Amino acid sequence: MALFRTVSWPEPPALIEGEGIVLRMPHMSDYPAWSCLREQSRAFLTPWEPLWPPYDLSRGSFRRRMRRYVRDVREDNAYPFLVFRAGDRALLGGLSLSNVRRGVTQTASLGYWMGAPHAGKGYMTRAVRALLPYAHGVLGLRRIEAACLPSNTPSIRLLERTGFRREGYGREYLCINGTWQDHLLFARLASDPIAPLHGVEASLVPFESGKQLSSGS
């Protein structure tokens, strides 16, 4: 149990609620649902992600991931979230704000993944829209950047629907699936509008200690 205590959040994070989804920073108790969904989605995600380490889905690897998450948040370097369906608290995927730069920049990079059974249903569009007020407001980020493969049409449409504008083309921008690949470069500013989902705005609610939003709860 001591190992679990070493990856607890230093301060209670917030829940971010949008239409039909909830965002929450990960807990060690999310490991079973996370590893199951990632394994189930391996073939679906492989073309769009860096190569997975051999033991990426192990409990020990997840524990190390959690420790890194806690350190990143404490040092204001990155903010990871898991995405849950509001109705049944099923884990859907994840997204993060990483590579946070302060000073005269106030910028971070957006990344996201969706489990194969839940793709194409609009969940990640809702998740990104829910995250934006937190990113621009609570975290004070003026600019959020994102990149995707030119062949990833669903991701391009997601970014366009959430107010990102295409700004450029990065040659061999990231190593994806073992190959350095070109990417389309997108960004949005805090002053860019966030289109509401059927008039419902995302909201922040206090995290209740002990309330877990793991699958099946």
# chains A, B, ... in the order shown; residues from 1 in each chain; ligands from 1
>>> select_by_dssp(residues="range 9-60 of chain A", states="alpha helix (DSSP H)", output="JSON, numbers by chain")
{"A": [31, 32, 33, 34, 35, 36, 37, 38, 39, 40, 42, 43, 44, 45, 59, 60]}
>>> residues_around(residues="range 34-44 of chain A", least_positions_apart="2", cutoff="6 Å", atoms="only C-alpha atoms", output="number ranges by chain")
A: 30-32, 46, 57, 115-116
>>> residues_around(residues="range 139-156 of chain A", least_positions_apart="2", cutoff="6 Å", atoms="only C-alpha atoms", output="PDB file with N, CA and C atoms, in the first residue's frame")
ATOM      1  N   GLN A 106       3.326  31.374 -22.455  1.00  0.00           N
ATOM      2  CA  GLN A 106       2.031  30.906 -21.925  1.00  0.00           C
ATOM      3  C   GLN A 106       1.355  29.942 -22.902  1.00  0.00           C
ATOM      4  N   THR A 107       2.064  28.860 -23.220  1.00  0.00           N
ATOM      5  CA  THR A 107       1.645  27.928 -24.263  1.00  0.00           C
ATOM      6  C   THR A 107       1.775  26.499 -23.772  1.00  0.00           C
ATOM      7  N   ALA A 108       0.935  25.614 -24.283  1.00  0.00           N
ATOM      8  CA  ALA A 108       1.050  24.180 -24.018  1.00  0.00           C
ATOM      9  C   ALA A 108       0.625  23.411 -25.263  1.00  0.00           C
ATOM     10  N   SER A 109       0.940  22.121 -25.275  1.00  0.00           N
ATOM     11  CA  SER A 109       0.595  21.254 -26.402  1.00  0.00           C
ATOM     12  C   SER A 109      -0.508  20.292 -25.980  1.00  0.00           C
ATOM     13  N   LEU A 110      -1.498  20.127 -26.843  1.00  0.00           N
ATOM     14  CA  LEU A 110      -2.618  19.231 -26.590  1.00  0.00           C
ATOM     15  C   LEU A 110      -2.380  17.883 -27.255  1.00  0.00           C
ATOM     16  N   ALA A 135      -8.033  25.226 -19.444  1.00  0.00           N
ATOM     17  CA  ALA A 135      -6.698  25.523 -19.954  1.00  0.00           C
ATOM     18  C   ALA A 135      -6.459  27.026 -20.064  1.00  0.00           C
ATOM     19  N   HIS A 136      -7.406  27.717 -20.669  1.00  0.00           N
ATOM     20  CA  HIS A 136      -7.235  29.155 -20.871  1.00  0.00           C
ATOM     21  C   HIS A 136      -7.507  29.959 -19.601  1.00  0.00           C
ATOM     22  N   GLY A 137      -8.480  29.501 -18.793  1.00  0.00           N
ATOM     23  CA  GLY A 137      -8.875  30.263 -17.619  1.00  0.00           C
ATOM     24  C   GLY A 137      -8.067  29.925 -16.381  1.00  0.00           C
ATOM     25  N   LEU A 158     -11.744  17.172 -35.648  1.00  0.00           N
ATOM     26  CA  LEU A 158     -11.903  17.470 -34.221  1.00  0.00           C
ATOM     27  C   LEU A 158     -11.279  18.824 -33.889  1.00  0.00           C
ATOM     28  N   LEU A 159     -10.056  19.041 -34.358  1.00  0.00           N
ATOM     29  CA  LEU A 159      -9.367  20.289 -34.051  1.00  0.00           C
ATOM     30  C   LEU A 159     -10.102  21.480 -34.661  1.00  0.00           C
ATOM     31  N   HIS A 183       3.699  16.348 -39.953  1.00  0.00           N
ATOM     32  CA  HIS A 183       2.458  16.649 -39.246  1.00  0.00           C
ATOM     33  C   HIS A 183       1.899  18.000 -39.678  1.00  0.00           C
ATOM     34  N   LEU A 184       0.572  18.105 -39.631  1.00  0.00           N
ATOM     35  CA  LEU A 184      -0.090  19.387 -39.735  1.00  0.00           C
ATOM     36  C   LEU A 184      -0.055  20.052 -38.367  1.00  0.00           C
ATOM     37  N   LEU A 185       0.213  21.351 -38.338  1.00  0.00           N
ATOM     38  CA  LEU A 185       0.350  22.085 -37.089  1.00  0.00           C
ATOM     39  C   LEU A 185      -0.845  23.014 -36.903  1.00  0.00           C
ATOM     40  N   PHE A 186      -1.486  22.900 -35.739  1.00  0.00           N
ATOM     41  CA  PHE A 186      -2.665  23.686 -35.405  1.00  0.00           C
ATOM     42  C   PHE A 186      -2.425  24.450 -34.102  1.00  0.00           C
ATOM     43  N   ALA A 187      -3.201  25.499 -33.892  1.00  0.00           N
ATOM     44  CA  ALA A 187      -3.159  26.220 -32.622  1.00  0.00           C
ATOM     45  C   ALA A 187      -4.447  27.003 -32.451  1.00  0.00           C
ATOM     46  N   ARG A 188      -4.766  27.322 -31.191  1.00  0.00           N
ATOM     47  CA  ARG A 188      -5.870  28.214 -30.886  1.00  0.00           C
ATOM     48  C   ARG A 188      -5.433  29.139 -29.753  1.00  0.00           C
ATOM     49  N   LEU A 189      -6.029  30.346 -29.725  1.00  0.00           N
ATOM     50  CA  LEU A 189      -5.726  31.343 -28.712  1.00  0.00           C
ATOM     51  C   LEU A 189      -6.867  31.435 -27.710  1.00  0.00           C
ATOM     52  N   ALA A 190      -6.565  31.980 -26.560  1.00  0.00           N
ATOM     53  CA  ALA A 190      -7.597  32.154 -25.537  1.00  0.00           C
ATOM     54  C   ALA A 190      -8.722  33.046 -26.029  1.00  0.00           C
TER      55      ALA A 190
END
>>> closest_residue(among="A:Ser98, A:Gly87, A:Pro117, A:Met28", to="Gly60 in chain A", atoms="only C-alpha atoms")
A:Met28
>>> residues_around(residues="Asn77 in chain A", least_positions_apart="4", cutoff="8 Å", atoms="only C-alpha atoms", output="ChimeraX atom specification")
/A:72-73,98-101
>>> select_by_dssp(residues="range 89-141 of chain A", states="strand (DSSP E)", output="PyMOL selection string")
chain A and resi 91-101+107-114
>>> closest_residue(among="A:Glu49, A:Arg67, A:Leu131, A:Glu75", to="Leu174 in chain A", atoms="only C-alpha atoms")
A:Glu49
>>> closest_residue(among="A:Gly103, A:Pro54, A:Leu45, A:His27", to="Tyr69 in chain A", atoms="only C-alpha atoms")
A:His27
>>> residues_around(residues="Arg129 in chain A", least_positions_apart="2", cutoff="12 Å", atoms="only C-alpha atoms", output="MDAnalysis selection string")
chainID A and resid 16:23 95 110 122:127 131:136 158:164 188 193:197 200:203
>>> residues_around(residues="Cys175 in chain A", least_positions_apart="3", cutoff="12 Å", atoms="only C-alpha atoms", output="ChimeraX atom specification")
/A:47-52,148-149,170-172,178-183
>>> atom_distance(atom1="CA of His118 in chain A", atom2="CA of Ser96 in chain A")
18.1 Å
